[in-house]
Each structure stands twice: as C-alpha cells, then as structure tokens.
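Engineer: Handing you this structure, nothing more for now.
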Amino acid sequence: MTFQDQARAAKVSATLLRRLDRAAKDEALRVMADRLRSATGEVLEANRADLDRGRAAGMAEGLQDRLALSEERVESMAAGLESLAGLADPVGEVVRGWTTPQGVRIEQVRVPIGVIGIIYEARPNVTADAAGICLKSGNASLLRGSSSALESNRAVIGALRAGLADAGLPVDAVNLVEGGHDITDEMMHARGLVDLLIPRGGAGLINAVVTGSSVPVIETGTGNCHLVVDADADLAMAEKIILNAKTQRPSVCNALETVLVHSEIAAEAVPRLVGALAGAGVRVHGDERSKALDDRVVPAGEHEYEAEYLSLDLAMRVVDDLDAAIAHIRQFGSGHSETIVTDSLAAARTFQDSVDAAAVLVNCSSRFVDGSEFGFGAEIGISTQKTHARGPMGLAEMTSTTYRLNGSGQTRLG
C-alpha cells in the first residue's frame, strides 16, 4: 500500500472507531495484549536484528538502550495495553453543559480526533503505547517509527493487528508507515487525511516536524531538566532525588541534566553531591565556582548547559540565589520538568509560580513526570507546548470536543 492508501484506510477505520463503545475497545486491547505476549519470541528476534544492525553502524549507547527490548519490556508493553482497558473512556464525557433561555440544551462532549500520525525514534515500546492510546480514545493511528527499529516495529504491529482481527475490528486502525524521508514529508503534508501529527524523539526530529508540517502538530519537547538545591534544602533528600533522577535511566527525557546549587549551601553541598554522583558513575561538568569546591568536577564547555546529555553526565552550576536559578532555567530550560529541593514553603511557592514548564516539582524526582506515574496508563509523549495538551499525554489529550445542541423546535430570535 502507498501512504495515501494507508491514510485513506485509516480514515475509514476512524469513522468506525468513533462509534465503538467502551466494552468493544477494551476487549480489543486485551486481545492485542494477548497476541503481543504470544509473539514475544518473534519480537525479541526482530529486536536483536535491529540492535545488531545499529551496533554495526555505531549507534550510541543511549539510543541502543531506547531500542533494546527484553521479555520484561515486552510484558510491560502488554500490561500497558491491559491497563488502558481498565481506564475510563474519555469519549462521550460531558466537559460542561447548560440550557439556554430558549430551552436548547448545549453540551461540550469529548470526541476522537480522527487519524493521528506519530513520528518517533528508536523506541519500539512507543509502538504499542501509541497504538493502544489511540484505539482507546477512538482514533486510528499511522505509526512512523525510525528505520533503526524497523524489524521490531513490524513484529509488534503484526501482533497488534492480529489482535484487532481477532476482536473483529478493522486492522487498519493501526498502521506501520514505512519508507524514506519522502514518506515522512508525505505524512507532514497529508492535510485532510491526517488530523494530527505528534513527533517524539530528538530535537532535530521535533523541529523538522513542527516547522515543516502543514498538518496540525502537538510538540513533544526534549527534556533539558534542572534541579535547584535551595539554601534551605535537606541535602540527604537532595542527594537521593538527584541520584534517582539522573541514574535510574539517563537516556529518557525526564532524566535530570543540570543541578543548580544555591551559593549559601554550596560549600557543603557540592562536594557531597559530586561524591555521590561519582560513586554512581556520573561525570559532573561544572562552572568555575563548583570546580573550585571539588576538583572531581570537569570544566563545563561553552554550550553544555543548552541540551540533554542522555548519558551518565551532568552539568552543575553555583548560583547566587533562587532568582538566579530561575533565570538560568528560563534561558536554558526546554519547558519539560523543573525541580526544586527546599524546606522553605516560600521558596517552593516562588519556584512553582515563576518557572514556566509542563511540570514543576518540589522535593521529588523528575522521573515521576510520566503518563504511567500520573495514572494515565501508557502515554503518547510529553507535550511542552502550551495549547490543547501539556505534560504527559494520555487518553483525554487524544480527544477534541464537539458541541451538541438538542432542542424541541426552537428558532433564534433576533
């Protein structure tokens, strides 16, 4: 099938999905999960082929981690589909309603968006998450994974489409879009066939889709995430949170990239935090003030505060006060997740009121900024834009609304 054929088939499937009740969608998700579990061997074999090809081509270790599947990760993908089946269906939810003076009942109701195209890199677990969220919210999906995960995505989508067929639903509700850059360009300009595009990956991919698409786009941003160690911070708490946010999985977008230490506490905090990070295998790149407090800190390059490391590296800077920390985040932050560790209620309030990001955290790890941790089930991605959806995007964010008016013969006067 050409992309145009796939998109038209998805459009037909989307019309059918709009009318499905929750029971039909939930049963399909459970059957898809069963099919995915049954295909674990085939999925892992395909994933090994992708990994072998990636290593031979010099793929970075961080990308290899995103690409790699295991029995546990496949099980997590299947469990994610089942968890979606257990969540409330957003479609049909009445957001608000009222009756006009003439007796016309108006309700704003959640409805599916239609056909959602998702362009993403490396991570085949996104394939199952995206397909499941789109199905549960009544949308057909066009999934454009990267060539590095092609065999993995073929295996995963083959299992999901088999589950749809078993459940009596159209298999074209879930589609793998294959091809080169010309196909991506086609997706980006398929206005009228594709209702929404969501890019998920590195800054280059996201910027290319946002700036080049004529189809509406939800921007999922990179995660240049900061943590401020305030003057009133509990250092034991700060150490625990920093280690979790940096080392649990350094290649993901909610991992910590920069620590800003208040000057009043820096003499004690910097050596303690650098030591803890070094013990966990993290290399700290710092400014002159932090380097002067601990010689294990390596000098930060001119542009090291600007982007993600996605590795066991972390930037550090000593700042004069909370306002200076907020100014640093305003200059270098990507609008994803920003954290402060403090025992001061005033500092916490100032930070949350001042920092403009999808998530602003006090005394907890940025690793919590995730759809599953929010109770959304799987997530499509984390939006860093300010319209329609912001933060982790679950089922509700994959819907639009329509106004439904019901009357009994009323006509407008005047």
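Please note that chains go A, B, ... in the order of the structure tokens, that every chain numbers its residues from 1, and that ligands are numbered from 1 in the order shown.
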Excluding segment 397-404 of chain A and its own-chain neighbours fewer than 4 positions away, which residues fall within 12 Å of it when counting only C-alpha atoms? Please give them as an mmCIF file with N, CA, C and O atoms, in the first residue's frame.
Structural biologist:
```cif
data_model
loop_
_atom_site.group_PDB
_atom_site.id
_atom_site.type_symbol
_atom_site.label_atom_id
_atom_site.label_comp_id
_atom_site.auth_asym_id
_atom_site.auth_seq_id
_atom_site.Cartn_x
_atom_site.Cartn_y
_atom_site.Cartn_z
ATOM 1 N N ARG A 18 -15.072 5.710 16.006
ATOM 2 C CA ARG A 18 -15.834 6.749 16.714
ATOM 3 C C ARG A 18 -17.097 6.191 17.351
ATOM 4 O O ARG A 18 -17.580 6.707 18.358
ATOM 5 N N ASP A 89 -13.178 5.599 29.756
ATOM 6 C CA ASP A 89 -13.173 6.039 28.360
ATOM 7 C C ASP A 89 -13.476 7.534 28.318
ATOM 8 O O ASP A 89 -14.526 7.975 28.791
ATOM 9 N N PRO A 90 -12.571 8.345 27.753
ATOM 10 C CA PRO A 90 -12.851 9.784 27.707
ATOM 11 C C PRO A 90 -13.920 10.160 26.687
ATOM 12 O O PRO A 90 -14.529 11.226 26.797
ATOM 13 N N VAL A 91 -14.112 9.308 25.675
ATOM 14 C CA VAL A 91 -15.045 9.637 24.595
ATOM 15 C C VAL A 91 -16.467 9.667 25.139
ATOM 16 O O VAL A 91 -16.919 8.735 25.817
ATOM 17 N N GLY A 92 -17.171 10.755 24.868
ATOM 18 C CA GLY A 92 -18.533 10.914 25.354
ATOM 19 C C GLY A 92 -18.633 11.664 26.666
ATOM 20 O O GLY A 92 -19.743 12.016 27.097
ATOM 21 N N GLU A 93 -17.481 11.934 27.308
ATOM 22 C CA GLU A 93 -17.513 12.690 28.563
ATOM 23 C C GLU A 93 -18.040 14.103 28.299
ATOM 24 O O GLU A 93 -17.623 14.777 27.366
ATOM 25 N N VAL A 94 -18.965 14.537 29.126
ATOM 26 C CA VAL A 94 -19.507 15.890 29.009
ATOM 27 C C VAL A 94 -18.599 16.824 29.811
ATOM 28 O O VAL A 94 -18.522 16.743 31.036
ATOM 29 N N VAL A 95 -17.895 17.690 29.095
ATOM 30 C CA VAL A 95 -16.977 18.624 29.743
ATOM 31 C C VAL A 95 -17.759 19.700 30.494
ATOM 32 O O VAL A 95 -17.428 20.070 31.618
ATOM 33 N N ARG A 96 -18.810 20.183 29.866
ATOM 34 C CA ARG A 96 -19.707 21.151 30.507
ATOM 35 C C ARG A 96 -21.022 21.160 29.735
ATOM 36 O O ARG A 96 -21.074 20.731 28.580
ATOM 37 N N GLY A 97 -22.066 21.621 30.374
ATOM 38 C CA GLY A 97 -23.360 21.670 29.720
ATOM 39 C C GLY A 97 -24.261 22.695 30.372
ATOM 40 O O GLY A 97 -24.115 23.013 31.556
ATOM 41 N N TRP A 98 -25.173 23.236 29.585
ATOM 42 C CA TRP A 98 -26.104 24.230 30.107
ATOM 43 C C TRP A 98 -27.319 24.304 29.174
ATOM 44 O O TRP A 98 -27.294 23.769 28.063
ATOM 45 N N THR A 99 -28.341 24.977 29.644
ATOM 46 C CA THR A 99 -29.553 25.163 28.851
ATOM 47 C C THR A 99 -29.757 26.644 28.604
ATOM 48 O O THR A 99 -29.684 27.455 29.535
ATOM 49 N N VAL A 104 -32.803 25.352 24.684
ATOM 50 C CA VAL A 104 -31.903 24.484 23.927
ATOM 51 C C VAL A 104 -30.813 23.969 24.868
ATOM 52 O O VAL A 104 -30.161 24.756 25.562
ATOM 53 N N ARG A 105 -30.622 22.664 24.895
ATOM 54 C CA ARG A 105 -29.592 22.056 25.731
ATOM 55 C C ARG A 105 -28.285 22.003 24.949
ATOM 56 O O ARG A 105 -28.231 21.478 23.831
ATOM 57 N N ILE A 106 -27.215 22.586 25.509
ATOM 58 C CA ILE A 106 -25.895 22.598 24.884
ATOM 59 C C ILE A 106 -24.934 21.806 25.768
ATOM 60 O O ILE A 106 -24.864 22.037 26.979
ATOM 61 N N GLU A 107 -24.209 20.868 25.150
ATOM 62 C CA GLU A 107 -23.197 20.103 25.871
ATOM 63 C C GLU A 107 -21.904 20.077 25.059
ATOM 64 O O GLU A 107 -21.923 19.882 23.839
ATOM 65 N N GLN A 108 -20.803 20.304 25.742
ATOM 66 C CA GLN A 108 -19.481 20.145 25.134
ATOM 67 C C GLN A 108 -18.996 18.745 25.480
ATOM 68 O O GLN A 108 -18.829 18.409 26.656
ATOM 69 N N VAL A 109 -18.774 17.928 24.464
ATOM 70 C CA VAL A 109 -18.538 16.494 24.651
ATOM 71 C C VAL A 109 -17.190 16.113 24.040
ATOM 72 O O VAL A 109 -16.826 16.575 22.950
ATOM 73 N N ARG A 110 -16.452 15.248 24.728
ATOM 74 C CA ARG A 110 -15.188 14.749 24.187
ATOM 75 C C ARG A 110 -15.450 13.771 23.043
ATOM 76 O O ARG A 110 -16.276 12.868 23.164
ATOM 77 N N VAL A 111 -14.701 13.943 21.952
ATOM 78 C CA VAL A 111 -14.816 13.072 20.781
ATOM 79 C C VAL A 111 -13.410 12.741 20.287
ATOM 80 O O VAL A 111 -12.451 13.469 20.564
ATOM 81 N N PRO A 112 -13.248 11.641 19.537
ATOM 82 C CA PRO A 112 -11.933 11.328 18.962
ATOM 83 C C PRO A 112 -11.468 12.403 17.998
ATOM 84 O O PRO A 112 -12.274 13.120 17.393
ATOM 85 N N ILE A 113 -10.161 12.505 17.839
ATOM 86 C CA ILE A 113 -9.584 13.450 16.885
ATOM 87 C C ILE A 113 -9.710 12.916 15.465
ATOM 88 O O ILE A 113 -9.987 13.663 14.535
ATOM 89 N N GLY A 114 -9.514 11.607 15.271
ATOM 90 C CA GLY A 114 -9.648 11.013 13.942
ATOM 91 C C GLY A 114 -8.477 10.129 13.598
ATOM 92 O O GLY A 114 -8.329 9.032 14.129
ATOM 93 N N VAL A 115 -7.606 10.594 12.704
ATOM 94 C CA VAL A 115 -6.400 9.868 12.313
ATOM 95 C C VAL A 115 -5.197 10.602 12.885
ATOM 96 O O VAL A 115 -4.971 11.773 12.576
ATOM 97 N N ILE A 116 -4.440 9.913 13.715
ATOM 98 C CA ILE A 116 -3.286 10.511 14.377
ATOM 99 C C ILE A 116 -2.019 9.871 13.834
ATOM 100 O O ILE A 116 -1.852 8.652 13.884
ATOM 101 N N GLY A 117 -1.121 10.701 13.299
ATOM 102 C CA GLY A 117 0.181 10.232 12.849
ATOM 103 C C GLY A 117 1.226 10.501 13.915
ATOM 104 O O GLY A 117 1.278 11.595 14.477
ATOM 105 N N ILE A 118 2.029 9.490 14.225
ATOM 106 C CA ILE A 118 3.063 9.638 15.250
ATOM 107 C C ILE A 118 4.403 9.288 14.620
ATOM 108 O O ILE A 118 4.569 8.210 14.053
ATOM 109 N N ALA A 130 1.399 3.874 21.756
ATOM 110 C CA ALA A 130 0.684 4.802 20.885
ATOM 111 C C ALA A 130 -0.537 4.146 20.256
ATOM 112 O O ALA A 130 -1.624 4.734 20.203
ATOM 113 N N ALA A 131 -0.368 2.912 19.783
ATOM 114 C CA ALA A 131 -1.495 2.207 19.173
ATOM 115 C C ALA A 131 -2.624 2.019 20.176
ATOM 116 O O ALA A 131 -3.800 2.222 19.862
ATOM 117 N N GLY A 132 -2.267 1.652 21.410
ATOM 118 C CA GLY A 132 -3.285 1.416 22.434
ATOM 119 C C GLY A 132 -4.010 2.681 22.847
ATOM 120 O O GLY A 132 -5.240 2.690 22.971
ATOM 121 N N ILE A 133 -3.273 3.763 23.054
ATOM 122 C CA ILE A 133 -3.905 5.022 23.458
ATOM 123 C C ILE A 133 -4.816 5.535 22.349
ATOM 124 O O ILE A 133 -5.934 6.000 22.605
ATOM 125 N N CYS A 134 -4.335 5.453 21.125
ATOM 126 C CA CYS A 134 -5.172 5.920 20.007
ATOM 127 C C CYS A 134 -6.448 5.088 19.911
ATOM 128 O O CYS A 134 -7.549 5.639 19.740
ATOM 129 N N LEU A 135 -6.335 3.772 20.031
ATOM 130 C CA LEU A 135 -7.525 2.918 19.926
ATOM 131 C C LEU A 135 -8.515 3.223 21.041
ATOM 132 O O LEU A 135 -9.720 3.390 20.804
ATOM 133 N N LYS A 136 -8.034 3.285 22.269
ATOM 134 C CA LYS A 136 -8.931 3.519 23.400
ATOM 135 C C LYS A 136 -9.649 4.859 23.285
ATOM 136 O O LYS A 136 -10.818 4.997 23.680
ATOM 137 N N SER A 137 -8.975 5.856 22.717
ATOM 138 C CA SER A 137 -9.592 7.173 22.556
ATOM 139 C C SER A 137 -10.339 7.303 21.233
ATOM 140 O O SER A 137 -10.765 8.401 20.865
ATOM 141 N N GLY A 138 -10.492 6.175 20.515
ATOM 142 C CA GLY A 138 -11.324 6.154 19.314
ATOM 143 C C GLY A 138 -10.652 6.639 18.057
ATOM 144 O O GLY A 138 -11.331 6.969 17.078
ATOM 145 N N ASN A 139 -9.308 6.676 18.056
ATOM 146 C CA ASN A 139 -8.567 7.190 16.903
ATOM 147 C C ASN A 139 -7.850 6.074 16.153
ATOM 148 O O ASN A 139 -7.392 5.102 16.766
ATOM 149 N N ALA A 140 -7.724 6.222 14.854
ATOM 150 C CA ALA A 140 -6.845 5.363 14.060
ATOM 151 C C ALA A 140 -5.436 5.951 14.106
ATOM 152 O O ALA A 140 -5.261 7.164 14.253
ATOM 153 N N SER A 141 -4.422 5.091 13.992
ATOM 154 C CA SER A 141 -3.040 5.559 14.116
ATOM 155 C C SER A 141 -2.210 5.177 12.905
ATOM 156 O O SER A 141 -2.351 4.092 12.346
ATOM 157 N N ASP A 195 -5.222 13.978 10.733
ATOM 158 C CA ASP A 195 -5.795 15.080 11.514
ATOM 159 C C ASP A 195 -4.812 15.708 12.487
ATOM 160 O O ASP A 195 -4.970 16.871 12.864
ATOM 161 N N LEU A 196 -3.812 14.939 12.914
ATOM 162 C CA LEU A 196 -2.861 15.438 13.910
ATOM 163 C C LEU A 196 -1.563 14.664 13.782
ATOM 164 O O LEU A 196 -1.578 13.449 13.572
ATOM 165 N N LEU A 197 -0.437 15.362 13.911
ATOM 166 C CA LEU A 197 0.873 14.729 13.954
ATOM 167 C C LEU A 197 1.511 14.961 15.312
ATOM 168 O O LEU A 197 1.428 16.065 15.870
ATOM 169 N N ILE A 198 2.179 13.931 15.827
ATOM 170 C CA ILE A 198 2.910 14.041 17.086
ATOM 171 C C ILE A 198 4.314 13.510 16.856
ATOM 172 O O ILE A 198 4.492 12.315 16.638
ATOM 173 N N ILE A 218 1.249 18.494 17.658
ATOM 174 C CA ILE A 218 1.497 18.682 19.095
ATOM 175 C C ILE A 218 2.981 18.452 19.312
ATOM 176 O O ILE A 218 3.509 17.385 18.989
ATOM 177 N N GLY A 371 3.407 9.356 31.998
ATOM 178 C CA GLY A 371 1.992 9.013 31.979
ATOM 179 C C GLY A 371 1.617 7.908 32.926
ATOM 180 O O GLY A 371 0.587 7.973 33.610
ATOM 181 N N PHE A 376 -2.133 7.668 34.050
ATOM 182 C CA PHE A 376 -2.760 7.750 32.736
ATOM 183 C C PHE A 376 -2.668 6.443 31.963
ATOM 184 O O PHE A 376 -3.180 6.345 30.853
ATOM 185 N N GLU A 379 1.573 6.434 27.711
ATOM 186 C CA GLU A 379 1.479 7.817 27.251
ATOM 187 C C GLU A 379 1.937 7.918 25.802
ATOM 188 O O GLU A 379 2.740 7.116 25.321
ATOM 189 N N ILE A 380 1.414 8.905 25.106
ATOM 190 C CA ILE A 380 1.855 9.203 23.749
ATOM 191 C C ILE A 380 3.183 9.941 23.769
ATOM 192 O O ILE A 380 4.038 9.768 22.914
ATOM 193 N N GLY A 381 3.382 10.761 24.749
ATOM 194 C CA GLY A 381 4.583 11.576 24.869
ATOM 195 C C GLY A 381 4.323 12.665 25.881
ATOM 196 O O GLY A 381 3.269 12.706 26.525
ATOM 197 N N ILE A 382 5.292 13.541 26.047
ATOM 198 C CA ILE A 382 5.154 14.650 26.981
ATOM 199 C C ILE A 382 5.204 15.949 26.190
ATOM 200 O O ILE A 382 6.218 16.286 25.583
ATOM 201 N N SER A 383 4.086 16.644 26.176
ATOM 202 C CA SER A 383 3.973 17.869 25.400
ATOM 203 C C SER A 383 4.580 19.036 26.163
ATOM 204 O O SER A 383 4.297 19.242 27.344
ATOM 205 N N THR A 387 -0.730 24.793 24.147
ATOM 206 C CA THR A 387 -2.109 24.723 23.682
ATOM 207 C C THR A 387 -2.562 23.283 23.605
ATOM 208 O O THR A 387 -1.767 22.383 23.331
ATOM 209 N N HIS A 388 -3.844 23.076 23.834
ATOM 210 C CA HIS A 388 -4.529 21.774 23.782
ATOM 211 C C HIS A 388 -4.026 20.799 24.836
ATOM 212 O O HIS A 388 -4.770 20.374 25.699
ATOM 213 N N ALA A 389 -2.764 20.395 24.734
ATOM 214 C CA ALA A 389 -2.233 19.403 25.669
ATOM 215 C C ALA A 389 -0.872 19.869 26.162
ATOM 216 O O ALA A 389 -0.063 20.397 25.403
ATOM 217 N N ARG A 390 -0.599 19.663 27.457
ATOM 218 C CA ARG A 390 0.698 19.996 28.023
ATOM 219 C C ARG A 390 1.044 18.965 29.078
ATOM 220 O O ARG A 390 0.195 18.578 29.878
ATOM 221 N N GLY A 391 2.291 18.516 29.083
ATOM 222 C CA GLY A 391 2.703 17.475 30.012
ATOM 223 C C GLY A 391 2.420 16.099 29.439
ATOM 224 O O GLY A 391 2.215 15.935 28.231
ATOM 225 N N PRO A 392 2.442 15.049 30.288
ATOM 226 C CA PRO A 392 2.176 13.697 29.787
ATOM 227 C C PRO A 392 0.818 13.618 29.108
ATOM 228 O O PRO A 392 -0.188 14.076 29.646
ATOM 229 N N MET A 393 0.800 13.029 27.919
ATOM 230 C CA MET A 393 -0.433 12.956 27.138
ATOM 231 C C MET A 393 -1.012 11.546 27.193
ATOM 232 O O MET A 393 -0.418 10.600 26.683
#
```
Engineer: Write out as a CSV table (one decimal) with N, CA and C atoms, in the first residue's frame all residues of segment 228-258 of chain A that backbone DSSP assigns to helix (DSSP H, G or I).
Structural biologist:
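Now in states.csv:
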```csv
chain,number,residue,atom,x,y,z
A,235,LEU,N,20.0,18.2,52.4
A,235,LEU,CA,21.0,17.6,51.5
A,235,LEU,C,20.8,16.1,51.3
A,236,ALA,N,20.4,15.4,52.3
A,236,ALA,CA,20.2,14.0,52.2
A,236,ALA,C,19.1,13.7,51.2
A,237,MET,N,18.0,14.5,51.3
A,237,MET,CA,16.9,14.4,50.3
A,237,MET,C,17.4,14.8,48.9
A,238,ALA,N,18.1,15.9,48.8
A,238,ALA,CA,18.6,16.3,47.5
A,238,ALA,C,19.5,15.2,46.9
A,239,GLU,N,20.4,14.6,47.6
A,239,GLU,CA,21.2,13.6,47.1
A,239,GLU,C,20.4,12.4,46.6
A,240,LYS,N,19.4,12.0,47.3
A,240,LYS,CA,18.6,10.8,47.0
A,240,LYS,C,17.8,11.2,45.7
A,241,ILE,N,17.2,12.3,45.6
A,241,ILE,CA,16.4,12.7,44.4
A,241,ILE,C,17.3,12.8,43.2
A,242,ILE,N,18.5,13.5,43.3
A,242,ILE,CA,19.4,13.7,42.2
A,242,ILE,C,19.9,12.4,41.6
A,243,LEU,N,20.2,11.4,42.5
A,243,LEU,CA,20.7,10.1,42.0
A,243,LEU,C,19.6,9.4,41.3
A,244,ASN,N,18.4,9.5,41.8
A,244,ASN,CA,17.3,8.8,41.1
A,244,ASN,C,17.0,9.4,39.8
A,245,ALA,N,16.9,10.8,39.8
A,245,ALA,CA,16.6,11.5,38.5
A,245,ALA,C,17.6,11.4,37.5
A,246,LYS,N,18.9,11.2,37.9
A,246,LYS,CA,20.0,11.2,36.9
A,246,LYS,C,20.3,9.7,36.4
A,247,THR,N,20.3,8.8,37.4
A,247,THR,CA,20.9,7.5,37.1
A,247,THR,C,19.9,6.4,36.8
```
Engineer: Measure the distance from atom CA of Gly158 of chain A to atom CA of Asp65 of chain A in Å and round it to one decimal.
Structural biologist: 22.9 Å
Engineer: Name the residues in contact with Asp234 of chain A at a cut-off of 10 Å, using only C-alpha atoms, excluding same-chain residues fewer than 3 positions from it; report them as a list in words.
Structural biologist: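 Contacts, with the query itself left out: Val229, Asp230, Ala231, Met237, Ala238, Glu239, Ala269, Val341, Thr342, Asp343 and Asn363 of chain A.
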Engineer: Which segment 132-216 of chain A residues have any atom within 12 Å of an atom of segment 307-318 of chain A, and for each, what is the nearest pair of atoms with distance in Å to one decimal, counting only C-alpha atoms, rows sorted by chain and number, as a Markdown table?
Structural biologist:
```
| residue | atom | partner | partner_atom | distance |
| --- | --- | --- | --- | --- |
| A:Gly202 | CA | A:Glu308 | CA | 9.5 |
| A:Ala203 | CA | A:Ala307 | CA | 9.2 |
| A:Gly204 | CA | A:Ala307 | CA | 11.9 |
```
Engineer: Please produce a file of the residues just selected, as a PDB file, in the first residue's frame, where the atoms kept are all heavy atoms.
Structural biologist:
```pdb
ATOM      1  N   GLY A 202      14.329  13.186  19.240  1.00  0.00           N
ATOM      2  CA  GLY A 202      15.314  14.226  19.477  1.00  0.00           C
ATOM      3  C   GLY A 202      14.883  15.578  18.954  1.00  0.00           C
ATOM      4  O   GLY A 202      13.902  15.709  18.212  1.00  0.00           O
ATOM      5  N   ALA A 203      15.670  16.590  19.306  1.00  0.00           N
ATOM      6  CA  ALA A 203      15.332  17.961  18.934  1.00  0.00           C
ATOM      7  C   ALA A 203      15.262  18.137  17.427  1.00  0.00           C
ATOM      8  O   ALA A 203      14.410  18.862  16.918  1.00  0.00           O
ATOM      9  CB  ALA A 203      16.359  18.920  19.536  1.00  0.00           C
ATOM     10  N   GLY A 204      16.161  17.465  16.684  1.00  0.00           N
ATOM     11  CA  GLY A 204      16.161  17.608  15.233  1.00  0.00           C
ATOM     12  C   GLY A 204      14.875  17.129  14.606  1.00  0.00           C
ATOM     13  O   GLY A 204      14.293  17.811  13.738  1.00  0.00           O
TER      14      GLY A 204
END
```
Engineer: Among segment 148-265 of chain A, which residues does DSSP mark as strand (DSSP E) when it is run on the backbone? Keep the chain and numbering as in the structure and answer as number ranges by chain.
Structural biologist: A: 174-176, 196-200, 225-229, 256-262
Engineer: May I ask which of the residues A:Ile265, A:Val362, A:Cys225, A:Val194 is the closest one to Cys253 of chain A, counting only C-alpha atoms?
Structural biologist: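 When distances to Cys253 of chain A are compared using only C-alpha atoms, the smallest one comes from A:Cys225.
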Engineer: Find the residues near Ala23 of chain A: any atom within 10 Å, counting only C-alpha atoms, skip ones fewer than 5 places away on the same chain, and give them as an mmCIF file with all heavy atoms, in the first residue's frame.
Structural biologist:
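The file below, selection.cif, is the result:
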```cif
data_model
loop_
_atom_site.group_PDB
_atom_site.id
_atom_site.type_symbol
_atom_site.label_atom_id
_atom_site.label_comp_id
_atom_site.auth_asym_id
_atom_site.auth_seq_id
_atom_site.Cartn_x
_atom_site.Cartn_y
_atom_site.Cartn_z
ATOM 1 N N ALA A 28 -10.770 -5.386 22.672
ATOM 2 C CA ALA A 28 -9.722 -5.383 21.655
ATOM 3 C C ALA A 28 -8.344 -5.165 22.275
ATOM 4 O O ALA A 28 -7.369 -5.820 21.892
ATOM 5 C CB ALA A 28 -10.008 -4.289 20.625
ATOM 6 N N LEU A 29 -8.234 -4.271 23.243
ATOM 7 C CA LEU A 29 -6.952 -4.029 23.907
ATOM 8 C C LEU A 29 -6.450 -5.278 24.623
ATOM 9 O O LEU A 29 -5.260 -5.595 24.580
ATOM 10 C CB LEU A 29 -7.088 -2.873 24.900
ATOM 11 C CG LEU A 29 -7.238 -1.486 24.277
ATOM 12 C CD1 LEU A 29 -7.718 -0.481 25.317
ATOM 13 C CD2 LEU A 29 -5.919 -1.029 23.661
ATOM 14 N N ALA A 85 -7.230 -0.691 29.161
ATOM 15 C CA ALA A 85 -8.584 -1.260 29.189
ATOM 16 C C ALA A 85 -9.271 -1.009 30.521
ATOM 17 O O ALA A 85 -10.510 -0.957 30.597
ATOM 18 C CB ALA A 85 -8.531 -2.756 28.889
ATOM 19 N N ASP A 89 -13.178 5.599 29.756
ATOM 20 C CA ASP A 89 -13.173 6.039 28.360
ATOM 21 C C ASP A 89 -13.476 7.534 28.318
ATOM 22 O O ASP A 89 -14.526 7.975 28.791
ATOM 23 C CB ASP A 89 -14.234 5.255 27.591
ATOM 24 C CG ASP A 89 -14.181 5.505 26.093
ATOM 25 O OD1 ASP A 89 -13.476 6.435 25.665
ATOM 26 O OD2 ASP A 89 -14.847 4.765 25.351
#
```
Engineer: Tell me which of A:Ser213, A:Glu121, A:Ser148, A:Leu256 sits closest to Gly58 of chain A, counting only C-alpha atoms.
Structural biologist: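 Closest candidate: A:Ser148.
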Engineer: With only C-alpha atoms counted and 12 Å as the cut-off, give the residues of segment 298-399 of chain A in contact with segment 67-76 of chain A, each with its shortest interatomic distance in Å and the pair that gives it, as a Markdown table.
Structural biologist:
```
| residue | atom | partner | partner_atom | distance |
| --- | --- | --- | --- | --- |
| A:Ser372 | CA | A:Ser76 | CA | 11.1 |
| A:Gly377 | CA | A:Ser76 | CA | 11.1 |
| A:Ala378 | CA | A:Ser76 | CA | 9.9 |
```
Engineer: Pull N, CA, C and O atoms from the residues just selected and write them as a compact mmCIF listing (two decimals), in the first residue's frame.
Structural biologist:
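As a result, selection.txt now contains:
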```txt
# COMPACT_ATOMS: atom_id res chain seq x y z
N SER A 372 2.46 6.87 33.02
CA SER A 372 2.11 5.76 33.91
C SER A 372 2.17 6.19 35.37
O SER A 372 1.33 5.78 36.18
N GLY A 377 -1.98 5.42 32.50
CA GLY A 377 -1.66 4.26 31.71
C GLY A 377 -0.45 4.62 30.86
O GLY A 377 0.41 5.39 31.26
N ALA A 378 -0.38 4.06 29.67
CA ALA A 378 0.70 4.42 28.75
C ALA A 378 0.51 5.87 28.31
O ALA A 378 -0.54 6.46 28.49
```
Engineer: Please compute the atom CA of Ser251 of chain A-atom CA of Glu61 of chain A distance, one decimal, in Å.
Structural biologist: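 These two atoms are separated by 8.9 Å.
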